[in-house]
$ cat model-v4.pdb   # PDB, C-alpha atoms and all ligand atoms
ATOM      1  CA  MET L   1      28.087  -3.857  38.474  1.00  0.00           C
ATOM      2  CA  LYS L   2      24.370  -3.565  39.031  1.00  0.00           C
ATOM      3  CA  LEU L   3      24.319  -0.101  37.533  1.00  0.00           C
ATOM      4  CA  TYR L   4      26.147  -1.333  34.492  1.00  0.00           C
ATOM      5  CA  SER L   5      23.668  -4.196  33.889  1.00  0.00           C
ATOM      6  CA  LEU L   6      20.714  -1.848  34.220  1.00  0.00           C
ATOM      7  CA  PHE L   7      22.304   0.539  31.762  1.00  0.00           C
ATOM      8  CA  ALA L   8      23.052  -2.278  29.353  1.00  0.00           C
ATOM      9  CA  LEU L   9      19.497  -3.557  29.625  1.00  0.00           C
ATOM     10  CA  SER L  10      17.841  -0.189  28.982  1.00  0.00           C
ATOM     11  CA  PHE L  11      20.230   0.428  26.114  1.00  0.00           C
ATOM     12  CA  ALA L  12      19.258  -2.938  24.629  1.00  0.00           C
ATOM     13  CA  ILE L  13      15.551  -2.118  24.964  1.00  0.00           C
ATOM     14  CA  LEU L  14      15.923   1.325  23.409  1.00  0.00           C
ATOM     15  CA  PHE L  15      18.073  -0.085  20.671  1.00  0.00           C
ATOM     16  CA  SER L  16      15.653  -2.871  19.819  1.00  0.00           C
ATOM     17  CA  GLU L  17      12.687  -0.454  19.805  1.00  0.00           C
ATOM     18  CA  ALA L  18      14.447   1.732  17.311  1.00  0.00           C
ATOM     19  CA  GLN L  19      15.211  -1.252  15.120  1.00  0.00           C
ATOM     20  CA  MET L  20      11.945  -3.023  14.543  1.00  0.00           C
ATOM     21  CA  VAL L  21       8.659  -1.917  13.021  1.00  0.00           C
ATOM     22  CA  THR L  22       5.878  -4.442  12.616  1.00  0.00           C
ATOM     23  CA  ILE L  23       3.343  -4.184   9.803  1.00  0.00           C
ATOM     24  CA  THR L  24       0.366  -6.467  10.431  1.00  0.00           C
ATOM     25  CA  ILE L  25      -1.731  -7.396   7.417  1.00  0.00           C
ATOM     26  CA  LYS L  26      -5.356  -8.305   8.084  1.00  0.00           C
ATOM     27  CA  ASN L  27      -7.856  -9.835   5.651  1.00  0.00           C
ATOM     28  CA  ASN L  28     -11.289  -8.488   6.486  1.00  0.00           C
ATOM     29  CA  CYS L  29     -12.650  -9.514   3.065  1.00  0.00           C
ATOM     30  CA  GLN L  30     -15.126 -12.373   2.745  1.00  0.00           C
ATOM     31  CA  PHE L  31     -12.759 -14.128   0.337  1.00  0.00           C
ATOM     32  CA  THR L  32      -9.168 -15.338   0.447  1.00  0.00           C
ATOM     33  CA  ILE L  33      -6.505 -12.875  -0.665  1.00  0.00           C
ATOM     34  CA  TRP L  34      -2.792 -13.336  -1.356  1.00  0.00           C
ATOM     35  CA  PRO L  35      -1.043 -10.216  -0.007  1.00  0.00           C
ATOM     36  CA  ALA L  36       2.338  -9.298  -1.461  1.00  0.00           C
ATOM     37  CA  THR L  37       5.135  -6.877  -0.621  1.00  0.00           C
ATOM     38  CA  LEU L  38       7.671  -5.085  -2.805  1.00  0.00           C
ATOM     39  CA  THR L  39      10.662  -3.260  -1.346  1.00  0.00           C
ATOM     40  CA  GLY L  40      12.051  -0.149  -3.041  1.00  0.00           C
ATOM     41  CA  GLY L  41      15.433   1.483  -2.945  1.00  0.00           C
ATOM     42  CA  GLY L  42      17.617  -1.476  -3.830  1.00  0.00           C
ATOM     43  CA  VAL L  43      17.663  -3.038  -0.343  1.00  0.00           C
ATOM     44  CA  ALA L  44      16.732  -6.637   0.521  1.00  0.00           C
ATOM     45  CA  GLN L  45      13.116  -7.738   0.153  1.00  0.00           C
ATOM     46  CA  LEU L  46      11.073  -8.294   3.318  1.00  0.00           C
ATOM     47  CA  PRO L  47      11.131 -11.827   4.791  1.00  0.00           C
ATOM     48  CA  ASN L  48       7.653 -12.331   3.333  1.00  0.00           C
ATOM     49  CA  THR L  49       6.977 -11.220  -0.265  1.00  0.00           C
ATOM     50  CA  GLY L  50       3.694 -13.091  -0.705  1.00  0.00           C
ATOM     51  CA  PHE L  51       1.384 -15.423   1.177  1.00  0.00           C
ATOM     52  CA  GLU L  52      -2.161 -16.722   1.344  1.00  0.00           C
ATOM     53  CA  LEU L  53      -4.482 -15.071   3.861  1.00  0.00           C
ATOM     54  CA  PRO L  54      -7.973 -16.525   4.486  1.00  0.00           C
ATOM     55  CA  PRO L  55     -10.920 -14.373   5.630  1.00  0.00           C
ATOM     56  CA  GLN L  56     -10.226 -12.895   9.094  1.00  0.00           C
ATOM     57  CA  GLY L  57      -6.605 -14.053   8.946  1.00  0.00           C
ATOM     58  CA  ASP L  58      -3.730 -11.783   9.866  1.00  0.00           C
ATOM     59  CA  GLU L  59       0.013 -11.957   9.467  1.00  0.00           C
ATOM     60  CA  ALA L  60       2.680  -9.784  11.110  1.00  0.00           C
ATOM     61  CA  ILE L  61       5.733  -8.816   9.095  1.00  0.00           C
ATOM     62  CA  ASP L  62       8.825  -7.619  10.948  1.00  0.00           C
ATOM     63  CA  VAL L  63      10.374  -4.764   9.007  1.00  0.00           C
ATOM     64  CA  PRO L  64      14.146  -4.485   9.525  1.00  0.00           C
ATOM     65  CA  SER L  65      15.804  -1.102  10.042  1.00  0.00           C
ATOM     66  CA  THR L  66      17.468  -1.315   6.618  1.00  0.00           C
ATOM     67  CA  TRP L  67      14.011  -1.230   4.954  1.00  0.00           C
ATOM     68  CA  THR L  68      12.920   2.285   4.097  1.00  0.00           C
ATOM     69  CA  ALA L  69      10.284   2.112   1.376  1.00  0.00           C
ATOM     70  CA  GLY L  70       7.890  -0.271  -0.258  1.00  0.00           C
ATOM     71  CA  VAL L  71       4.350  -1.214  -1.162  1.00  0.00           C
ATOM     72  CA  ILE L  72       1.829  -3.832  -0.064  1.00  0.00           C
ATOM     73  CA  TRP L  73      -1.074  -5.043  -2.154  1.00  0.00           C
ATOM     74  CA  ALA L  74      -3.603  -7.881  -2.343  1.00  0.00           C
ATOM     75  CA  ARG L  75      -3.900 -10.451  -5.107  1.00  0.00           C
ATOM     76  CA  THR L  76      -7.289 -12.039  -5.743  1.00  0.00           C
ATOM     77  CA  GLN L  77      -8.525 -15.268  -7.305  1.00  0.00           C
ATOM     78  CA  CYS L  78      -5.130 -16.956  -7.385  1.00  0.00           C
ATOM     79  CA  SER L  79      -4.905 -20.523  -8.604  1.00  0.00           C
ATOM     80  CA  GLY L  80      -2.690 -23.078 -10.268  1.00  0.00           C
ATOM     81  CA  SER L  81       1.025 -22.455 -10.275  1.00  0.00           C
ATOM     82  CA  PHE L  82       0.642 -19.491  -9.760  1.00  0.00           C
ATOM     83  CA  THR L  83      -1.470 -16.768 -11.344  1.00  0.00           C
ATOM     84  CA  CYS L  84      -3.960 -14.305  -9.885  1.00  0.00           C
ATOM     85  CA  ALA L  85      -6.873 -12.516 -11.527  1.00  0.00           C
ATOM     86  CA  THR L  86      -5.765  -9.184  -9.980  1.00  0.00           C
ATOM     87  CA  GLY L  87      -2.477  -7.947  -8.541  1.00  0.00           C
ATOM     88  CA  ASP L  88      -0.501 -10.736 -10.220  1.00  0.00           C
ATOM     89  CA  CYS L  89       3.265 -10.263  -9.998  1.00  0.00           C
ATOM     90  CA  GLY L  90       4.211 -12.869 -12.608  1.00  0.00           C
ATOM     91  CA  SER L  91       6.601 -14.769 -10.323  1.00  0.00           C
ATOM     92  CA  GLY L  92       4.803 -18.059 -10.901  1.00  0.00           C
ATOM     93  CA  GLN L  93       4.810 -18.714  -7.158  1.00  0.00           C
ATOM     94  CA  VAL L  94       3.150 -17.358  -4.019  1.00  0.00           C
ATOM     95  CA  GLY L  95       6.178 -15.179  -3.166  1.00  0.00           C
ATOM     96  CA  CYS L  96       6.712 -12.209  -5.497  1.00  0.00           C
ATOM     97  CA  ASN L  97      10.487 -12.098  -4.750  1.00  0.00           C
ATOM     98  CA  GLY L  98      10.974  -8.528  -5.937  1.00  0.00           C
ATOM     99  CA  ALA L  99       8.372  -8.445  -8.715  1.00  0.00           C
ATOM    100  CA  GLY L 100       5.667  -5.794  -8.739  1.00  0.00           C
ATOM    101  CA  PRO L 101       1.934  -6.034  -9.394  1.00  0.00           C
ATOM    102  CA  LYS L 102       0.105  -5.779 -12.683  1.00  0.00           C
ATOM    103  CA  PRO L 103      -2.516  -2.974 -12.617  1.00  0.00           C
ATOM    104  CA  PRO L 104      -5.256  -2.390 -11.691  1.00  0.00           C
ATOM    105  CA  VAL L 105      -4.212  -2.699  -8.066  1.00  0.00           C
ATOM    106  CA  THR L 106      -4.799  -0.742  -4.874  1.00  0.00           C
ATOM    107  CA  LEU L 107      -1.466   0.030  -3.171  1.00  0.00           C
ATOM    108  CA  ALA L 108      -0.588   0.655   0.470  1.00  0.00           C
ATOM    109  CA  GLU L 109       2.642   2.647   0.272  1.00  0.00           C
ATOM    110  CA  PHE L 110       5.185   3.232   3.052  1.00  0.00           C
ATOM    111  CA  THR L 111       8.346   5.228   3.576  1.00  0.00           C
ATOM    112  CA  LEU L 112       9.663   4.500   7.063  1.00  0.00           C
ATOM    113  CA  GLY L 113      12.038   6.865   8.841  1.00  0.00           C
ATOM    114  CA  HIS L 114      12.758   4.487  11.756  1.00  0.00           C
ATOM    115  CA  ASN L 115      12.103   7.092  14.458  1.00  0.00           C
ATOM    116  CA  GLU L 116      12.415   9.912  11.982  1.00  0.00           C
ATOM    117  CA  GLN L 117       9.173  10.734  10.157  1.00  0.00           C
ATOM    118  CA  ASP L 118       7.252   7.982   8.347  1.00  0.00           C
ATOM    119  CA  THR L 119       4.994   8.738   5.374  1.00  0.00           C
ATOM    120  CA  TYR L 120       2.302   6.412   4.102  1.00  0.00           C
ATOM    121  CA  ASP L 121      -0.650   6.496   1.742  1.00  0.00           C
ATOM    122  CA  VAL L 122      -3.251   4.516  -0.122  1.00  0.00           C
ATOM    123  CA  SER L 123      -2.727   4.883  -3.867  1.00  0.00           C
ATOM    124  CA  LEU L 124      -5.190   4.441  -6.726  1.00  0.00           C
ATOM    125  CA  VAL L 125      -2.643   5.805  -9.216  1.00  0.00           C
ATOM    126  CA  ASN L 126      -2.553   2.317 -10.731  1.00  0.00           C
ATOM    127  CA  GLY L 127      -6.259   1.721 -10.287  1.00  0.00           C
ATOM    128  CA  PHE L 128      -8.204  -0.319  -7.751  1.00  0.00           C
ATOM    129  CA  ASN L 129      -8.788  -3.986  -6.979  1.00  0.00           C
ATOM    130  CA  VAL L 130      -9.582  -4.309  -3.240  1.00  0.00           C
ATOM    131  CA  PRO L 131     -10.426  -1.707  -0.544  1.00  0.00           C
ATOM    132  CA  VAL L 132      -7.633  -1.085   1.985  1.00  0.00           C
ATOM    133  CA  SER L 133      -6.837   1.005   5.055  1.00  0.00           C
ATOM    134  CA  ILE L 134      -3.589   1.825   6.885  1.00  0.00           C
ATOM    135  CA  THR L 135      -3.763   2.450  10.646  1.00  0.00           C
ATOM    136  CA  PRO L 136      -0.773   3.548  12.730  1.00  0.00           C
ATOM    137  CA  GLU L 137      -0.534   1.984  16.190  1.00  0.00           C
ATOM    138  CA  GLY L 138       1.146   4.643  18.286  1.00  0.00           C
ATOM    139  CA  GLY L 139       3.182   7.469  16.825  1.00  0.00           C
ATOM    140  CA  SER L 140       2.350  11.168  16.838  1.00  0.00           C
ATOM    141  CA  GLY L 141       1.505  14.018  14.504  1.00  0.00           C
ATOM    142  CA  SER L 142      -1.577  15.773  13.150  1.00  0.00           C
ATOM    143  CA  THR L 143      -1.896  13.408  10.174  1.00  0.00           C
ATOM    144  CA  CYS L 144      -0.817  10.289  12.102  1.00  0.00           C
ATOM    145  CA  THR L 145      -4.271   8.775  11.532  1.00  0.00           C
ATOM    146  CA  THR L 146      -5.978   6.032   9.569  1.00  0.00           C
ATOM    147  CA  THR L 147      -6.088   6.544   5.815  1.00  0.00           C
ATOM    148  CA  SER L 148      -8.572   4.418   3.987  1.00  0.00           C
ATOM    149  CA  CYS L 149     -10.088   3.611   0.636  1.00  0.00           C
ATOM    150  CA  SER L 150     -13.061   1.591   1.834  1.00  0.00           C
ATOM    151  CA  ALA L 151     -15.423   2.136  -1.111  1.00  0.00           C
ATOM    152  CA  ASP L 152     -16.181  -0.740  -3.466  1.00  0.00           C
ATOM    153  CA  VAL L 153     -14.869   1.086  -6.509  1.00  0.00           C
ATOM    154  CA  ASN L 154     -15.390  -2.011  -8.674  1.00  0.00           C
ATOM    155  CA  ALA L 155     -19.148  -1.746  -8.179  1.00  0.00           C
ATOM    156  CA  VAL L 156     -19.251   1.743  -9.722  1.00  0.00           C
ATOM    157  CA  CYS L 157     -16.385   1.432 -12.243  1.00  0.00           C
ATOM    158  CA  GLN L 158     -17.294   2.715 -15.700  1.00  0.00           C
ATOM    159  CA  SER L 159     -17.141   0.122 -18.466  1.00  0.00           C
ATOM    160  CA  ASP L 160     -14.094   1.488 -20.299  1.00  0.00           C
ATOM    161  CA  LEU L 161     -12.032   1.240 -17.078  1.00  0.00           C
ATOM    162  CA  ALA L 162     -13.463  -2.051 -15.787  1.00  0.00           C
ATOM    163  CA  VAL L 163     -11.507  -5.319 -15.755  1.00  0.00           C
ATOM    164  CA  LYS L 164     -13.807  -8.344 -15.769  1.00  0.00           C
ATOM    165  CA  GLY L 165     -13.169 -11.730 -14.213  1.00  0.00           C
ATOM    166  CA  SER L 166     -13.983 -15.040 -15.879  1.00  0.00           C
ATOM    167  CA  ASP L 167     -17.441 -14.913 -14.269  1.00  0.00           C
ATOM    168  CA  GLY L 168     -18.136 -11.523 -15.875  1.00  0.00           C
ATOM    169  CA  ASN L 169     -17.969  -9.578 -12.596  1.00  0.00           C
ATOM    170  CA  THR L 170     -15.805  -6.457 -12.369  1.00  0.00           C
ATOM    171  CA  ILE L 171     -12.685  -7.437 -10.402  1.00  0.00           C
ATOM    172  CA  GLY L 172     -10.631  -4.276 -10.938  1.00  0.00           C
ATOM    173  CA  CYS L 173     -10.911  -0.691 -12.127  1.00  0.00           C
ATOM    174  CA  ASN L 174      -8.119   0.822 -14.245  1.00  0.00           C
ATOM    175  CA  SER L 175      -6.727   4.316 -13.854  1.00  0.00           C
ATOM    176  CA  GLY L 176      -7.101   6.610 -16.862  1.00  0.00           C
ATOM    177  CA  CYS L 177      -3.359   6.272 -17.438  1.00  0.00           C
ATOM    178  CA  ASP L 178      -3.457   2.461 -17.512  1.00  0.00           C
ATOM    179  CA  ALA L 179      -6.605   2.381 -19.663  1.00  0.00           C
ATOM    180  CA  PHE L 180      -5.710   5.020 -22.239  1.00  0.00           C
ATOM    181  CA  GLY L 181      -2.057   6.013 -21.722  1.00  0.00           C
ATOM    182  CA  GLY L 182      -0.723   9.421 -22.705  1.00  0.00           C
ATOM    183  CA  ALA L 183       1.557  11.892 -20.956  1.00  0.00           C
ATOM    184  CA  GLN L 184      -1.262  14.004 -19.513  1.00  0.00           C
ATOM    185  CA  LEU L 185      -3.099  11.098 -17.819  1.00  0.00           C
ATOM    186  CA  CYS L 186       0.171   9.420 -16.769  1.00  0.00           C
ATOM    187  CA  CYS L 187       1.915  12.608 -15.542  1.00  0.00           C
ATOM    188  CA  THR L 188       4.991  11.826 -17.637  1.00  0.00           C
ATOM    189  CA  PRO L 189       7.123  14.542 -19.308  1.00  0.00           C
ATOM    190  CA  PRO L 190       6.214  17.293 -20.084  1.00  0.00           C
ATOM    191  CA  TYR L 191       3.299  16.827 -17.641  1.00  0.00           C
ATOM    192  CA  ASN L 192       5.451  15.520 -14.786  1.00  0.00           C
ATOM    193  CA  SER L 193       5.001  18.209 -12.145  1.00  0.00           C
ATOM    194  CA  SER L 194       2.275  19.318  -9.753  1.00  0.00           C
ATOM    195  CA  GLU L 195       1.771  22.429 -11.931  1.00  0.00           C
ATOM    196  CA  THR L 196       1.463  20.637 -15.260  1.00  0.00           C
ATOM    197  CA  CYS L 197      -0.285  17.395 -14.260  1.00  0.00           C
ATOM    198  CA  GLN L 198      -3.890  18.205 -13.465  1.00  0.00           C
ATOM    199  CA  PRO L 199      -6.750  15.970 -12.303  1.00  0.00           C
ATOM    200  CA  SER L 200      -8.628  14.256 -15.150  1.00  0.00           C
ATOM    201  CA  GLU L 201     -12.218  13.027 -15.355  1.00  0.00           C
ATOM    202  CA  TYR L 202     -10.843   9.585 -14.435  1.00  0.00           C
ATOM    203  CA  SER L 203      -8.798  10.711 -11.422  1.00  0.00           C
ATOM    204  CA  ARG L 204     -11.801  12.762 -10.207  1.00  0.00           C
ATOM    205  CA  PHE L 205     -13.904   9.595 -10.255  1.00  0.00           C
ATOM    206  CA  PHE L 206     -11.366   7.817  -7.983  1.00  0.00           C
ATOM    207  CA  LYS L 207     -11.119  10.880  -5.712  1.00  0.00           C
ATOM    208  CA  GLU L 208     -14.891  10.968  -5.265  1.00  0.00           C
ATOM    209  CA  GLN L 209     -14.883   7.306  -4.257  1.00  0.00           C
ATOM    210  CA  CYS L 210     -11.841   7.542  -1.988  1.00  0.00           C
ATOM    211  CA  PRO L 211     -11.039  11.147  -0.960  1.00  0.00           C
ATOM    212  CA  GLN L 212      -8.033  10.136   1.202  1.00  0.00           C
ATOM    213  CA  ALA L 213      -6.287   8.118  -1.522  1.00  0.00           C
ATOM    214  CA  TYR L 214      -3.951   9.246  -4.301  1.00  0.00           C
ATOM    215  CA  SER L 215      -6.015   9.559  -7.489  1.00  0.00           C
ATOM    216  CA  TYR L 216      -3.129  10.664  -9.740  1.00  0.00           C
ATOM    217  CA  ALA L 217       0.629  10.970  -9.313  1.00  0.00           C
ATOM    218  CA  PHE L 218       0.715  14.556  -7.985  1.00  0.00           C
ATOM    219  CA  ASP L 219      -2.322  14.281  -5.689  1.00  0.00           C
ATOM    220  CA  ASP L 220      -0.069  14.829  -2.643  1.00  0.00           C
ATOM    221  CA  GLN L 221      -2.012  17.525  -0.773  1.00  0.00           C
ATOM    222  CA  THR L 222      -4.875  15.376   0.505  1.00  0.00           C
ATOM    223  CA  SER L 223      -3.310  11.928   0.255  1.00  0.00           C
ATOM    224  CA  THR L 224      -0.060  11.919   2.270  1.00  0.00           C
ATOM    225  CA  PHE L 225      -0.083  10.879   5.926  1.00  0.00           C
ATOM    226  CA  THR L 226       2.858  11.122   8.333  1.00  0.00           C
ATOM    227  CA  CYS L 227       3.785   9.785  11.767  1.00  0.00           C
ATOM    228  CA  ASN L 228       6.671  10.505  14.082  1.00  0.00           C
ATOM    229  CA  GLY L 229       7.961   8.096  16.703  1.00  0.00           C
ATOM    230  CA  GLY L 230       8.194   4.911  14.663  1.00  0.00           C
ATOM    231  CA  PRO L 231       4.768   3.339  15.226  1.00  0.00           C
ATOM    232  CA  ASN L 232       3.695  -0.084  14.053  1.00  0.00           C
ATOM    233  CA  TYR L 233       1.049  -0.242  11.314  1.00  0.00           C
ATOM    234  CA  ARG L 234      -1.981  -2.322  10.420  1.00  0.00           C
ATOM    235  CA  VAL L 235      -2.923  -2.793   6.778  1.00  0.00           C
ATOM    236  CA  THR L 236      -6.516  -4.020   6.523  1.00  0.00           C
ATOM    237  CA  PHE L 237      -7.999  -5.251   3.265  1.00  0.00           C
ATOM    238  CA  CYS L 238     -11.791  -4.667   3.031  1.00  0.00           C
ATOM    239  CA  PRO L 239     -11.727  -2.434   6.161  1.00  0.00           C
TER     240      PRO L 239
HETATM  241  C1  LIG Y   1      10.207  15.903 -15.490  1.00  0.00           C
HETATM  242  O1  LIG Y   1      10.912  15.138 -16.418  1.00  0.00           O
HETATM  243  C2  LIG Y   1      12.124  15.738 -16.861  1.00  0.00           C
HETATM  244  C3  LIG Y   1      12.676  14.901 -18.006  1.00  0.00           C
HETATM  245  O2  LIG Y   1      12.725  13.530 -17.678  1.00  0.00           O
HETATM  246  C4  LIG Y   1      13.077  15.799 -15.670  1.00  0.00           C
HETATM  247  O3  LIG Y   1      14.293  16.383 -16.034  1.00  0.00           O
HETATM  248  C5  LIG Y   1      12.408  16.621 -14.546  1.00  0.00           C
HETATM  249  O4  LIG Y   1      13.231  16.597 -13.388  1.00  0.00           O
HETATM  250  C6  LIG Y   1      11.036  16.075 -14.216  1.00  0.00           C
HETATM  251  N1  LIG Y   1      10.352  16.985 -13.300  1.00  0.00           N
HETATM  252  C7  LIG Y   1       9.777  16.574 -12.154  1.00  0.00           C
HETATM  253  C8  LIG Y   1       9.106  17.631 -11.352  1.00  0.00           C
HETATM  254  O5  LIG Y   1       9.788  15.411 -11.786  1.00  0.00           O
END
$ encode --input "model-v4.pdb" --output "structure tokens"
Amino acid sequence: MKLYSLFALSFAILFSEAQMVTITIKNNCQFTIWPATLTGGGVAQLPNTGFELPPQGDEAIDVPSTWTAGVIWARTQCSGSFTCATGDCGSGQVGCNGAGPKPPVTLAEFTLGHNEQDTYDVSLVNGFNVPVSITPEGGSGSTCTTTSCSADVNAVCQSDLAVKGSDGNTIGCNSGCDAFGGAQLCCTPPYNSSETCQPSEYSRFFKEQCPQAYSYAFDDQTSTFTCNGGPNYRVTFCP
């Protein structure tokens, strides 16, 4: 009887550890942000698809085992009912409920293996609005480390990529693809492979600012991070 209970208990612990990953979102910026999440792959959205986060606030999101891929971003200067100067998802409310962000926006991207391998990255493929880092808590592997885009890219954004706020300050920096379009800058057919899609002057600018982040769609070599063992993660805006 005793043996059975012990077995049942350890099974329950193992089982629950395999089930749940927590992603904690921290606002280290000096201004309020409205983080948002978008789930890929046709499964249910996370319990929290958008919320207000004051400076130094944090919020933990429990990621169910059915969730395998998605992105997290920050919206800035949100007001009214409900629009944001950057990262707006057009839902008209604080939750994005399955809607994605309008560029330019810095993305924290995750594919979770739930005790198989996780991959994660910071992406500037759709431009930049706020600095962000991703830090695994636990896990193992040679690239199971923090990846970060901590530079203030807005401060050095060239004028033809810059998005200005109502006060005239630069609040976002567009990718070459979003600013000018075209198959070469956007890595769309026939430029949709690592051989045919090459870095551009615009992607090189983002890579110089943030060497660990994706600067164009096929920038995999230096931008992909992986963990084994199903760690939790911290996403920090303005790390
Ligand atoms: C490029 O696009 C073509 C046409 O849509 C598609 O068939 C092909 O699989 C794509 N190649 C890559 C590497 O994604």
$ closest_residue --input "model-v4.pdb" --among "L:Phe110, L:Tyr214, L:Phe128, L:Tyr120" --to "Ala74 in chain L" --atoms "only C-alpha atoms"
L:Phe128
$ resolve_selection --input "model-v4.pdb" --expression "the PyMOL selection byres (((not hetatm)) within 8 of (chain Y and resi 1))" --output "compact mmCIF listing (two decimals) with C-alpha atoms, in the frame of the given file"
# COMPACT_ATOMS: atom_id res chain seq x y z
CA THR L 188 4.99 11.83 -17.64
CA PRO L 189 7.12 14.54 -19.31
CA PRO L 190 6.21 17.29 -20.08
CA TYR L 191 3.30 16.83 -17.64
CA ASN L 192 5.45 15.52 -14.79
CA SER L 193 5.00 18.21 -12.14
CA SER L 194 2.28 19.32 -9.75
$ closest_residue --input "model-v4.pdb" --among "L:Thr22, L:Asn115, L:Gln221, L:Thr106" --to "Ala36 in chain L" --atoms "only C-alpha atoms"
L:Thr106
$ residues_near_point --input "model-v4.pdb" --point "(15.1, -5.1, 0.3)" --cutoff "10 Å" --atoms "all atoms listed in the file" --output "list of chain:residue names"
L:Leu38, L:Thr39, L:Gly40, L:Gly41, L:Gly42, L:Val43, L:Ala44, L:Gln45, L:Leu46, L:Pro47, L:Val63, L:Pro64, L:Thr66, L:Trp67, L:Thr68, L:Ala69, L:Gly70, L:Asn97, L:Gly98
$ resolve_selection --input "model-v4.pdb" --expression "the PyMOL selection byres (((chain L and resi 159) around 12) and not hetatm)" --output "list of chain:residue names"
L:Asn154, L:Ala155, L:Val156, L:Cys157, L:Gln158, L:Asp160, L:Leu161, L:Ala162, L:Val163, L:Lys164, L:Gly168, L:Asn169, L:Thr170, L:Ile171, L:Gly172, L:Cys173, L:Asn174, L:Ala179
$ axis_aligned_box --input "model-v4.pdb" --around "range 24-31 of chain L" --padding-each-side "5 Å" --output "lines of an AutoDock Vina configuration file"
center_x = -7.4
center_y = -10.3
center_z = 5.4
size_x = 25.5
size_y = 17.7
size_z = 20.1
$ atom_distance --input "model-v4.pdb" --atom1 "CA of Val71 in chain L" --atom2 "CA of Glu59 in chain L"
15.7 Å
$ closest_residue --input "model-v4.pdb" --among "L:Val122, L:Leu53, L:Cys187, L:Ala60" --to "Cys78 in chain L" --atoms "all atoms listed in the file"
L:Leu53
$ resolve_selection --input "model-v4.pdb" --expression "the PyMOL selection byres (((chain L and resi 54) around 8) and not hetatm)" --output "PyMOL selection string"
chain L and resi 27+31-33+52-53+55-57
$ write_last_selection --input "model-v4.pdb" --atoms "C-alpha atoms" --output "JSON list (two decimals), in the coordinates of the input"
[["chain", "number", "residue", "atom", "x", "y", "z"],
["L", 27, "ASN", "CA", -7.86, -9.84, 5.65],
["L", 31, "PHE", "CA", -12.76, -14.13, 0.34],
["L", 32, "THR", "CA", -9.17, -15.34, 0.45],
["L", 33, "ILE", "CA", -6.50, -12.88, -0.66],
["L", 52, "GLU", "CA", -2.16, -16.72, 1.34],
["L", 53, "LEU", "CA", -4.48, -15.07, 3.86],
["L", 55, "PRO", "CA", -10.92, -14.37, 5.63],
["L", 56, "GLN", "CA", -10.23, -12.90, 9.09],
["L", 57, "GLY", "CA", -6.60, -14.05, 8.95]]
$ residues_near_point --input "model-v4.pdb" --point "(-5.2, 13.4, -4.8)" --cutoff "12 Å" --atoms "all atoms listed in the file" --output "PDB file with C-alpha atoms, in the frame of the given file"
ATOM      1  CA  ASP L 121      -0.650   6.496   1.742  1.00  0.00           C
ATOM      2  CA  VAL L 122      -3.251   4.516  -0.122  1.00  0.00           C
ATOM      3  CA  SER L 123      -2.727   4.883  -3.867  1.00  0.00           C
ATOM      4  CA  LEU L 124      -5.190   4.441  -6.726  1.00  0.00           C
ATOM      5  CA  VAL L 125      -2.643   5.805  -9.216  1.00  0.00           C
ATOM      6  CA  SER L 194       2.275  19.318  -9.753  1.00  0.00           C
ATOM      7  CA  CYS L 197      -0.285  17.395 -14.260  1.00  0.00           C
ATOM      8  CA  GLN L 198      -3.890  18.205 -13.465  1.00  0.00           C
ATOM      9  CA  PRO L 199      -6.750  15.970 -12.303  1.00  0.00           C
ATOM     10  CA  SER L 200      -8.628  14.256 -15.150  1.00  0.00           C
ATOM     11  CA  TYR L 202     -10.843   9.585 -14.435  1.00  0.00           C
ATOM     12  CA  SER L 203      -8.798  10.711 -11.422  1.00  0.00           C
ATOM     13  CA  ARG L 204     -11.801  12.762 -10.207  1.00  0.00           C
ATOM     14  CA  PHE L 205     -13.904   9.595 -10.255  1.00  0.00           C
ATOM     15  CA  PHE L 206     -11.366   7.817  -7.983  1.00  0.00           C
ATOM     16  CA  LYS L 207     -11.119  10.880  -5.712  1.00  0.00           C
ATOM     17  CA  GLU L 208     -14.891  10.968  -5.265  1.00  0.00           C
ATOM     18  CA  GLN L 209     -14.883   7.306  -4.257  1.00  0.00           C
ATOM     19  CA  CYS L 210     -11.841   7.542  -1.988  1.00  0.00           C
ATOM     20  CA  PRO L 211     -11.039  11.147  -0.960  1.00  0.00           C
ATOM     21  CA  GLN L 212      -8.033  10.136   1.202  1.00  0.00           C
ATOM     22  CA  ALA L 213      -6.287   8.118  -1.522  1.00  0.00           C
ATOM     23  CA  TYR L 214      -3.951   9.246  -4.301  1.00  0.00           C
ATOM     24  CA  SER L 215      -6.015   9.559  -7.489  1.00  0.00           C
ATOM     25  CA  TYR L 216      -3.129  10.664  -9.740  1.00  0.00           C
ATOM     26  CA  ALA L 217       0.629  10.970  -9.313  1.00  0.00           C
ATOM     27  CA  PHE L 218       0.715  14.556  -7.985  1.00  0.00           C
ATOM     28  CA  ASP L 219      -2.322  14.281  -5.689  1.00  0.00           C
ATOM     29  CA  ASP L 220      -0.069  14.829  -2.643  1.00  0.00           C
ATOM     30  CA  GLN L 221      -2.012  17.525  -0.773  1.00  0.00           C
ATOM     31  CA  THR L 222      -4.875  15.376   0.505  1.00  0.00           C
ATOM     32  CA  SER L 223      -3.310  11.928   0.255  1.00  0.00           C
ATOM     33  CA  THR L 224      -0.060  11.919   2.270  1.00  0.00           C
TER      34      THR L 224
END
$ atom_distance --input "model-v4.pdb" --atom1 "CA of Ser150 in chain L" --atom2 "CA of Gly80 in chain L"
29.4 Å
$ closest_residue --input "model-v4.pdb" --among "L:Ser148, L:Thr76, L:Glu201, L:Thr226" --to "Gln30 in chain L" --atoms "all atoms listed in the file"
L:Thr76
